[in-house]
Amino acid sequence: MAHYDIKILSGLLDSFENSLLSRSENKVNIHVAFQFTKKTMPEYFNESSLAYDEIHAVIKELERRDFLSVVWKKGKVGHIIQKVILKEEYIDKVYSYLKRTPKMDNENLHLQFLSAWEQEQKQKETLIASKFVAYLKERIEAGKTVKEFIDLSDLEKTKKILAMLSLVENNKESCYIREFSIWHFADSKIFESQFGVLGKIMRRFKTEFADMDIYQILAEYNIYNTPDYVYLKGTGELSFHKESKSIVDLVYLEQGIGISGADVKNIRVSGKDRVKKVITIENQTTFFRWQEENSLIIYLGGYHNSVRRELLSRVYQELPEAEYLHFGDIDVGGFEIYRDLCEKTGIPFQTYHMGIWELKHYEDYTKKLTDNDKKRLQTLMKREWFGQKKIAQVLEYMEKNDRKLEQEIIRR
């Protein structure tokens with residue numbers, strides 16, 4: 001069935017709730033109307049359709065119930081409807097008829113829940129979720145839409161989304177996505193069903209995640225889609241257990257070796273006399289192509305997570321005299337990753353091939369900054385850079401010349 005009554009009344013309530021009338025803030029005498037056009041009611045204007053008489057019968061019944069009044073097209077009274085107008089004095093009856101909760105009631109329920117959530121989360125590490133809740137409260141209180149992220153008519157779904165965010169941010173144990181879902185929601189697939197909105201929220205409220213997909217983001221919290229691997233190549237020796245005498249010499253592996261996250265805790269890296277540089281590389285293509293003598297090269301894969309931090313810590317303990325370098329994209333994300341790497345590992349990394357020379361030399365391959373890049377760049381330019389004046393100069397050059405560069409084009 002077409003359910004024209006639901007379509008028309010829902011349209012009227014949508015218009016009412018999106019107007020100042022619903023918040024008693026309207027100062028001008030206006031009416032809430034549903035226009036009959038070929039776009040809003042195509043069946044009504046289709047001469048080959050049988051909907052014309054049915055719609056008229058529906059409108060007559062809704063008018064009898066005092067839900068609305070009809071405005072006929074000039075000269076076509078009783079034949080062509082121009083629009084219908086909501087009878088606001090009987091709006092409660094319309095809500096009851098549609099079994100629909102008023103928007104104001106849904107807003108109040110959400111505000112109550114969000115305020116209670118903030119109180120409960122005070123002692124927990126929920127930076128993204130807390131920013132998201134503050135955003136929702138501010139928007140709802142101002143009467144602005146939040147439908148980009150949540151449906152105000154579905155409080156239970158909002159609760160579920162926030163629960164997922166909080167659990168992700170507080171996760172300490174390495175696991176797979178479906179394991180995480182079963183542990184917390186007794187369903188292996190329910191967590192993945194919300195990846196669209198979760199990814200959008202996490203990218204919006206943590207700038208470091210702006211260019212990452214949901215799988216990369218979750219890996220930062222030790223939640224993996226597939227086993228997490230760290231890749232190493234170049235110079236250095238690996239042993240896999242303190243009681244084992246077996247050693248892998250990386251120099252004989254042209255494309256290196258991948259170690260699963262579960263095994264990282266058991267490996268030992270040695271080579272004090274041979275390794276002069278430890279180079280972390282942001283992107284996989286560059287890692288596999290890059291060759292440099294007397295260097296231990298590690299594929300970082302974007303932001304380092306706990307697995308990579310543990311490996312880097314072990315390397316630094318064994319090779320404290322080596323020069324530590326980070327090679328990434330010459331863009332906002334690349335410098336955000338570099339800063340995060342230095343802050344969370346405590347290792348004195350320097351940037352590598354991420355300077356003004358590269359931006360000039362590979363100018364034909366550079367791209368313009370996006371609006372989002374420019375906003376994030378402003379934030380970066382206000383930060384301290386561990387005494388490295390050259391980074392501030394690179395950021396200023398990027399802003400002035402509206403340029404950024406992906407590392408894959410850079411050659412030795």
# chains A, B, ... in the order shown; residues from 1 in each chain; ligands from 1
>>> residues_around(residues="A:Val264", least_positions_apart="6", cutoff="8 Å", atoms="only C-alpha atoms", output="number ranges by chain")
A: 307, 310-311
>>> residues_around(residues="A:Ser69", least_positions_apart="3", cutoff="6 Å", atoms="only C-alpha atoms", output="compact mmCIF listing (two decimals) with N, CA, C and O atoms, in the first residue's frame")
# COMPACT_ATOMS: atom_id res chain seq x y z
N GLU A 63 -8.53 15.54 6.81
CA GLU A 63 -9.20 16.83 7.06
C GLU A 63 -10.33 16.64 8.07
O GLU A 63 -10.53 17.47 8.97
N VAL A 84 -1.39 21.24 1.48
CA VAL A 84 -2.16 21.02 2.70
C VAL A 84 -1.41 21.70 3.84
O VAL A 84 -0.17 21.75 3.85
N ILE A 85 -2.15 22.24 4.81
CA ILE A 85 -1.55 22.99 5.92
C ILE A 85 -1.84 22.27 7.24
O ILE A 85 -2.97 21.87 7.51
>>> residues_around(residues="A:Trp357", least_positions_apart="2", cutoff="12 Å", atoms="only C-alpha atoms", output="ChimeraX atom specification")
/A:330,352-355,359-363,390,393-394,397-398,405,410
>>> atom_distance(atom1="atom CA of A:Thr345", atom2="atom CA of A:Gln317")
11.7 Å
>>> closest_residue(among="A:Met104, A:Ala186, A:Ile347, A:Ala116", to="A:Leu152", atoms="only C-alpha atoms")
A:Met104
>>> select_by_dssp(residues="stretch 323-378 of chain A", states="helix (DSSP H, G or I)", output="number ranges by chain")
A: 332-345, 356-361, 363-365, 371-378
>>> residues_around(residues="stretch 318-323 of chain A", least_positions_apart="2", cutoff="7 Å", atoms="only C-alpha atoms", output="compact mmCIF listing (two decimals) with N, CA, C and O atoms, in the first residue's frame")
# COMPACT_ATOMS: atom_id res chain seq x y z
N VAL A 269 66.92 -7.79 18.37
CA VAL A 269 67.61 -7.20 17.23
C VAL A 269 69.03 -6.85 17.67
O VAL A 269 69.23 -6.24 18.72
N SER A 270 70.00 -7.24 16.88
CA SER A 270 71.39 -6.93 17.21
C SER A 270 72.12 -6.44 15.97
O SER A 270 71.61 -6.51 14.85
N LYS A 272 75.19 -3.84 16.60
CA LYS A 272 75.73 -2.54 17.00
C LYS A 272 76.83 -2.04 16.07
O LYS A 272 76.90 -0.86 15.74
N VAL A 275 74.90 -1.50 12.19
CA VAL A 275 73.75 -0.62 11.95
C VAL A 275 74.08 0.82 12.35
O VAL A 275 74.24 1.13 13.54
N LYS A 276 74.17 1.68 11.35
CA LYS A 276 74.47 3.09 11.60
C LYS A 276 73.19 3.95 11.63
O LYS A 276 73.15 5.00 12.26
N LYS A 277 72.16 3.45 10.94
CA LYS A 277 70.89 4.18 10.89
C LYS A 277 69.73 3.22 11.13
O LYS A 277 69.78 2.07 10.68
N VAL A 278 68.71 3.71 11.84
CA VAL A 278 67.43 3.00 11.93
C VAL A 278 66.41 3.91 11.27
O VAL A 278 66.19 5.06 11.72
N ARG A 314 62.68 -2.06 21.70
CA ARG A 314 63.70 -3.10 21.76
C ARG A 314 64.91 -2.72 20.89
O ARG A 314 66.06 -2.93 21.27
N VAL A 315 64.63 -2.17 19.71
CA VAL A 315 65.70 -1.76 18.81
C VAL A 315 66.54 -0.66 19.46
O VAL A 315 67.78 -0.68 19.43
N TYR A 316 65.88 0.31 20.05
CA TYR A 316 66.59 1.44 20.65
C TYR A 316 67.45 1.00 21.83
O TYR A 316 68.56 1.52 22.04
N LEU A 325 65.87 7.87 12.13
CA LEU A 325 65.29 8.72 11.09
C LEU A 325 63.88 8.26 10.75
O LEU A 325 63.61 7.05 10.73
>>> closest_atom_pairs(of="stretch 189-227 of chain A", to="stretch 131-142 of chain A", cutoff="9 Å", atoms="only C-alpha atoms", output="JSON lines")
{"residue": "A:Ile201", "atom": "CA", "partner": "A:Phe132", "partner_atom": "CA", "distance": 7.2}
{"residue": "A:Met202", "atom": "CA", "partner": "A:Phe132", "partner_atom": "CA", "distance": 8.8}
{"residue": "A:Arg204", "atom": "CA", "partner": "A:Phe132", "partner_atom": "CA", "distance": 8.8}
{"residue": "A:Phe205", "atom": "CA", "partner": "A:Lys131", "partner_atom": "CA", "distance": 6.6}
>>> closest_residue(among="A:Asn222, A:Leu250, A:Ser166, A:Asp402", to="A:Glu179", atoms="only C-alpha atoms")
A:Asn222
>>> closest_residue(among="A:Lys93, A:Arg274, A:Lys60, A:Lys265", to="A:Gly236", atoms="only C-alpha atoms")
A:Arg274
>>> residues_around(residues="A:Asp211", least_positions_apart="6", cutoff="10 Å", atoms="only C-alpha atoms", output="list in words")
Arg203, Ile217, Gly302, Val332 and Gly333 of chain A
>>> write_last_selection(atoms="N, CA and C atoms", output="PDB file, in the first residue's frame")
ATOM      1  N   ARG A 203      37.506   9.935  12.631  1.00  0.00           N
ATOM      2  CA  ARG A 203      38.255  10.825  11.745  1.00  0.00           C
ATOM      3  C   ARG A 203      37.959  12.291  12.041  1.00  0.00           C
ATOM      4  N   ILE A 217      42.600   2.723  11.799  1.00  0.00           N
ATOM      5  CA  ILE A 217      42.283   3.366  13.080  1.00  0.00           C
ATOM      6  C   ILE A 217      42.194   2.327  14.187  1.00  0.00           C
ATOM      7  N   GLY A 302      51.988   3.904   8.555  1.00  0.00           N
ATOM      8  CA  GLY A 302      51.180   4.984   9.132  1.00  0.00           C
ATOM      9  C   GLY A 302      51.510   5.160  10.595  1.00  0.00           C
ATOM     10  N   VAL A 332      50.514  17.091   5.829  1.00  0.00           N
ATOM     11  CA  VAL A 332      50.093  17.256   7.220  1.00  0.00           C
ATOM     12  C   VAL A 332      50.119  15.915   7.951  1.00  0.00           C
ATOM     13  N   GLY A 333      49.554  14.882   7.312  1.00  0.00           N
ATOM     14  CA  GLY A 333      49.513  13.576   7.942  1.00  0.00           C
ATOM     15  C   GLY A 333      50.903  13.044   8.244  1.00  0.00           C
TER      16      GLY A 333
END
>>> residues_around(residues="A:Ser15", least_positions_apart="3", cutoff="8 Å", atoms="only C-alpha atoms", output="count of residues only")
6
>>> atom_distance(atom1="atom CA of A:His326", atom2="atom CA of A:Leu341")
8.7 Å
>>> residues_around(residues="A:Tyr221", least_positions_apart="2", cutoff="10 Å", atoms="only C-alpha atoms", output="MDAnalysis selection string")
chainID A and resid 167:175 216:219 223:224 305:306
>>> select_by_dssp(residues="stretch 315-397 of chain A", states="strand (DSSP E or B)", output="PyMOL selection string")
chain A and resi 323-327+330+350-351+367
>>> write_last_selection(atoms="N, CA and C atoms", output="PDB file, in the first residue's frame")
ATOM      1  N   GLU A 323      71.678   6.346  14.373  1.00  0.00           N
ATOM      2  CA  GLU A 323      70.921   7.560  14.035  1.00  0.00           C
ATOM      3  C   GLU A 323      69.493   7.129  13.714  1.00  0.00           C
ATOM      4  N   TYR A 324      68.501   7.772  14.338  1.00  0.00           N
ATOM      5  CA  TYR A 324      67.102   7.379  14.154  1.00  0.00           C
ATOM      6  C   TYR A 324      66.403   8.390  13.248  1.00  0.00           C
ATOM      7  N   LEU A 325      65.870   7.869  12.134  1.00  0.00           N
ATOM      8  CA  LEU A 325      65.294   8.719  11.092  1.00  0.00           C
ATOM      9  C   LEU A 325      63.880   8.256  10.746  1.00  0.00           C
ATOM     10  N   HIS A 326      63.007   9.208  10.454  1.00  0.00           N
ATOM     11  CA  HIS A 326      61.659   8.858   9.997  1.00  0.00           C
ATOM     12  C   HIS A 326      61.421   9.463   8.621  1.00  0.00           C
ATOM     13  N   PHE A 327      60.968   8.622   7.711  1.00  0.00           N
ATOM     14  CA  PHE A 327      60.733   9.011   6.317  1.00  0.00           C
ATOM     15  C   PHE A 327      59.247   8.813   6.009  1.00  0.00           C
ATOM     16  N   ILE A 330      55.400  14.213   2.760  1.00  0.00           N
ATOM     17  CA  ILE A 330      55.601  15.619   3.123  1.00  0.00           C
ATOM     18  C   ILE A 330      54.236  16.288   3.041  1.00  0.00           C
ATOM     19  N   GLN A 350      64.734  11.974  13.760  1.00  0.00           N
ATOM     20  CA  GLN A 350      64.829  13.151  12.901  1.00  0.00           C
ATOM     21  C   GLN A 350      64.047  12.851  11.623  1.00  0.00           C
ATOM     22  N   THR A 351      63.546  13.877  10.961  1.00  0.00           N
ATOM     23  CA  THR A 351      62.868  13.652   9.681  1.00  0.00           C
ATOM     24  C   THR A 351      63.917  13.349   8.609  1.00  0.00           C
ATOM     25  N   LYS A 367      50.989  18.179  -4.923  1.00  0.00           N
ATOM     26  CA  LYS A 367      49.555  18.462  -5.015  1.00  0.00           C
ATOM     27  C   LYS A 367      49.219  19.676  -4.154  1.00  0.00           C
TER      28      LYS A 367
END
>>> closest_residue(among="A:Glu254, A:Gly234, A:Pro42, A:Glu89", to="A:Glu292", atoms="only C-alpha atoms")
A:Gly234
>>> closest_residue(among="A:Leu300, A:Ile259, A:Ile8, A:Ile128", to="A:Thr40", atoms="only C-alpha atoms")
A:Ile8
>>> closest_residue(among="A:Arg289, A:Pro348, A:Val71, A:Arg268", to="A:Ile247", atoms="only C-alpha atoms")
A:Arg268
>>> atom_distance(atom1="atom CA of A:Val77", atom2="atom CA of A:Gln35")
15.6 Å
